[in-house]
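Raw my_file24.cif, mmCIF, C-alpha atoms:
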data_upload
#
loop_
_atom_site.label_atom_id
_atom_site.label_comp_id
_atom_site.auth_asym_id
_atom_site.auth_seq_id
_atom_site.Cartn_x
_atom_site.Cartn_y
_atom_site.Cartn_z
CA GLN A 12 0.00 0.00 0.00
CA VAL A 13 1.36 3.39 -1.00
CA GLN A 14 1.42 6.19 1.53
CA LEU A 15 2.83 9.70 1.16
CA VAL A 16 3.40 11.81 4.28
CA GLU A 17 4.29 15.48 4.08
CA SER A 18 6.02 17.41 6.87
CA GLY A 19 7.99 20.57 7.54
CA GLY A 20 5.36 23.26 7.20
CA GLY A 21 4.88 26.12 9.61
CA LEU A 22 4.63 29.85 10.08
CA VAL A 23 7.38 31.95 8.55
CA GLN A 24 7.88 35.64 7.88
CA PRO A 25 8.07 37.00 4.34
CA GLY A 26 11.56 36.44 2.98
CA GLY A 27 12.09 33.40 5.18
CA SER A 28 12.76 29.77 4.30
CA LEU A 29 11.28 26.36 4.96
CA ARG A 30 12.17 22.84 3.89
CA LEU A 31 9.35 20.39 3.27
CA SER A 32 9.74 16.62 3.20
CA CYS A 33 7.64 13.91 1.58
CA ALA A 34 8.22 10.39 2.86
CA ALA A 35 6.94 7.58 0.64
CA SER A 36 6.16 4.00 1.44
CA GLY A 37 5.58 1.33 -1.16
CA SER A 38 7.33 0.81 -4.45
CA ILE A 39 6.29 3.89 -6.40
CA PHE A 40 8.99 6.27 -5.38
CA SER A 41 11.99 5.07 -7.34
CA ILE A 42 10.12 4.61 -10.61
CA ASN A 43 7.87 7.63 -10.73
CA ALA A 44 8.18 11.30 -11.29
CA MET A 45 7.09 13.03 -8.10
CA GLY A 46 5.53 16.42 -7.66
CA TRP A 47 4.87 19.08 -5.04
CA TYR A 48 1.42 20.58 -5.24
CA ARG A 49 -0.23 23.31 -3.22
CA GLN A 50 -3.72 24.56 -2.55
CA ALA A 51 -4.33 28.04 -1.24
CA PRO A 52 -7.61 28.96 0.48
CA GLY A 53 -10.36 29.27 -2.09
CA GLU A 54 -8.09 28.18 -4.93
CA GLN A 55 -7.60 25.02 -6.95
CA ARG A 56 -4.71 22.73 -6.26
CA GLU A 57 -1.71 23.50 -8.48
CA LEU A 58 1.56 21.81 -9.33
CA VAL A 59 4.52 23.91 -8.24
CA ALA A 60 7.47 21.63 -8.92
CA HIS A 61 8.26 18.14 -10.03
CA ILE A 62 11.27 15.87 -10.33
CA THR A 63 11.74 12.78 -12.46
CA SER A 64 13.29 9.54 -11.24
CA SER A 65 16.56 10.65 -12.87
CA GLY A 66 16.52 14.05 -11.21
CA TYR A 67 15.23 16.33 -13.97
CA THR A 68 13.28 19.22 -12.42
CA VAL A 69 10.56 21.58 -13.60
CA TYR A 70 9.10 24.55 -11.74
CA ALA A 71 6.04 26.74 -12.01
CA ASN A 72 6.91 30.29 -13.01
CA SER A 73 5.62 31.58 -9.67
CA VAL A 74 8.32 29.69 -7.71
CA LYS A 75 11.17 29.48 -10.21
CA GLY A 76 14.42 30.70 -8.70
CA ARG A 77 13.06 30.48 -5.16
CA PHE A 78 12.11 26.81 -4.68
CA THR A 79 14.29 23.76 -5.21
CA VAL A 80 12.95 20.21 -5.41
CA SER A 81 15.20 17.22 -4.74
CA ARG A 82 14.84 13.55 -3.93
CA ASP A 83 16.73 10.79 -2.18
CA ASN A 84 15.63 7.53 -3.79
CA ALA A 85 17.39 5.41 -1.18
CA LYS A 86 15.41 7.12 1.57
CA ARG A 87 12.24 7.32 -0.52
CA THR A 88 12.02 10.98 0.37
CA MET A 89 11.44 14.10 -1.67
CA TYR A 90 12.23 17.61 -0.48
CA LEU A 91 11.16 21.12 -1.32
CA GLN A 92 13.51 23.89 -0.22
CA MET A 93 11.55 27.13 -0.24
CA ASN A 94 13.44 30.41 -0.02
CA SER A 95 12.37 34.05 -0.27
CA LEU A 96 8.86 33.07 0.76
CA ARG A 97 6.01 35.42 -0.01
CA PRO A 98 2.53 35.76 1.49
CA GLU A 99 1.11 34.33 -1.74
CA ASP A 100 3.00 31.08 -1.06
CA THR A 101 0.63 30.45 1.84
CA ALA A 102 -1.09 27.12 1.16
CA VAL A 103 -1.34 23.49 2.11
CA TYR A 104 1.47 21.66 0.33
CA TYR A 105 1.06 18.09 -0.87
CA CYS A 106 3.20 15.56 -2.65
CA ASN A 107 1.99 13.04 -5.19
CA THR A 108 3.12 11.27 -8.30
CA LEU A 109 3.10 12.97 -11.67
CA PRO A 110 0.46 12.66 -12.93
CA SER A 111 -1.23 12.63 -9.57
CA ARG A 112 -3.37 9.76 -8.38
CA GLU A 113 -6.40 10.37 -6.19
CA GLU A 114 -5.61 7.55 -3.80
CA TYR A 115 -2.15 8.99 -3.02
CA TRP A 116 -3.25 12.37 -1.62
CA GLY A 117 -2.19 12.77 1.99
CA LYS A 118 -3.08 15.38 4.57
CA GLY A 119 -0.49 17.85 3.36
CA THR A 120 1.50 20.32 5.41
CA LEU A 121 0.42 23.91 5.99
CA VAL A 122 2.76 26.74 5.09
CA THR A 123 1.79 30.19 6.30
CA VAL A 124 3.83 33.21 5.25
CA SER A 125 2.92 36.20 7.32
CA SER A 126 4.46 38.95 9.39
#

Take the structure I supplied and represent it as structure tokens, if you would.
Amino acid sequence: QVQLVESGGGLVQPGGSLRLSCAASGSIFSINAMGWYRQAPGEQRELVAHITSSGYTVYANSVKGRFTVSRDNAKRTMYLQMNSLRPEDTAVYYCNTLPSREEYWGKGTLVTVSS
């Protein structure tokens, strides 16, 4: 059974940094592209970054140059380093495969950027 668990969220001031983690169980991690998604209040969920099994990365324009996605296949963990955070980055952040699968959505981790 596949389970994805996000952690690392919290309250941070504008301009600050956070590092999110996504721990995966099951066999999907090493063979799938993985993505970080986020959903702000009142908004649809959006893909902000993804990384292939070989390490190729793609970012949404809104986070390019500020966020860095990485993965450790041996640890079955994906990371999202978020720098220069802005209030508009406030959202619940989720990880999932790419494309996403409904049964893999976890509870997410809340990131709040506010002074």

Translate the PyMOL selection byres ((chain A and resi 12) around 12) into a concrete residue list for this structure, as a ChimeraX atom specification.
/A:13-15,35-39,114-115

Would you write out, as a list in words, every residue that the PyMOL selection byres ((chain A and resi 59-72) around 9) captures in this file?
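On this input, the PyMOL selection byres ((chain A and resi 59-72) around 9) captures Phe40, Ser41, Ile42, Asn43, Ala44, Met45, Gly46, Trp47, Tyr48, Arg49, Glu57, Leu58, Ser73, Val74, Lys75, Gly76, Phe78, Thr79, Val80, Ser81, Arg82, Asn84, Met89, Leu91, Thr108 and Leu109 of chain A.
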
Find the smallest box with edges along x, y and z containing every listed atom of segment 56-68 of chain A, then add 8 Å on each side and report centre and edge lengths in Å to one decimal, as JSON.
{"center_x": 5.9, "center_y": 16.7, "center_z": -10.1, "size_x": 37.3, "size_y": 30.4, "size_z": 23.7}

Please, which residues are within 6 Å of (12.3, 32.1, -0.5) by the file's coordinates, counting only C-alpha atoms, and could they come as a count of residues only?
8

Residues at most 6 Å from Glu17 of chain A, counting all atoms listed in the file, excluding those fewer than 5 positions away in the same chain, as a list in words?
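With the cut-off at 6 Å, the set is Ser32, Cys33, Gly119 and Thr120 of chain A.
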
Let me make sure I understand: among A:Ser126, A:Leu121, A:Gln24, A:Ala34, which one has the smallest atom-to-atom distance to Asn107 of chain A if we use only C-alpha atoms?
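Of A:Ser126, A:Leu121, A:Gln24, A:Ala34, the one nearest Asn107 of chain A is A:Ala34, counting only C-alpha atoms.
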
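Considering only C-alpha atoms, the residue among A:Gln50, A:Ser18, A:Ser111, A:Ser125 positioned nearest to Tyr90 of chain A is A:Ser18.
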
In Å, rounded to a single decimal, give me how far atom CA of Pro52 of chain A is from atom CA of Gly19 of chain A.
19.1 Å

Using only C-alpha atoms, find the one residue out of A:Gly21, A:Arg112, A:Lys86, A:Gly117 that sits nearest to Asp100 of chain A.
A:Gly21

Measuring atom to atom with only C-alpha atoms, identify which of A:Val23, A:Gln92, A:Cys106, A:Ala85 is nearest to Arg56 of chain A.
A:Cys106

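Atom pair atom CA of Gln55 of chain A / atom CA of Pro98 of chain A has a distance of 17.0 Å (rounded to one decimal).
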
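Among A:Pro110, A:Ala102, A:Val124, A:Arg87, the residue with the shortest atom-to-atom distance to Ala51 of chain A, counting only C-alpha atoms, is A:Ala102.
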
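The coordinates place atom CA of Thr88 of chain A at 19.6 Å from atom CA of Glu113 of chain A.
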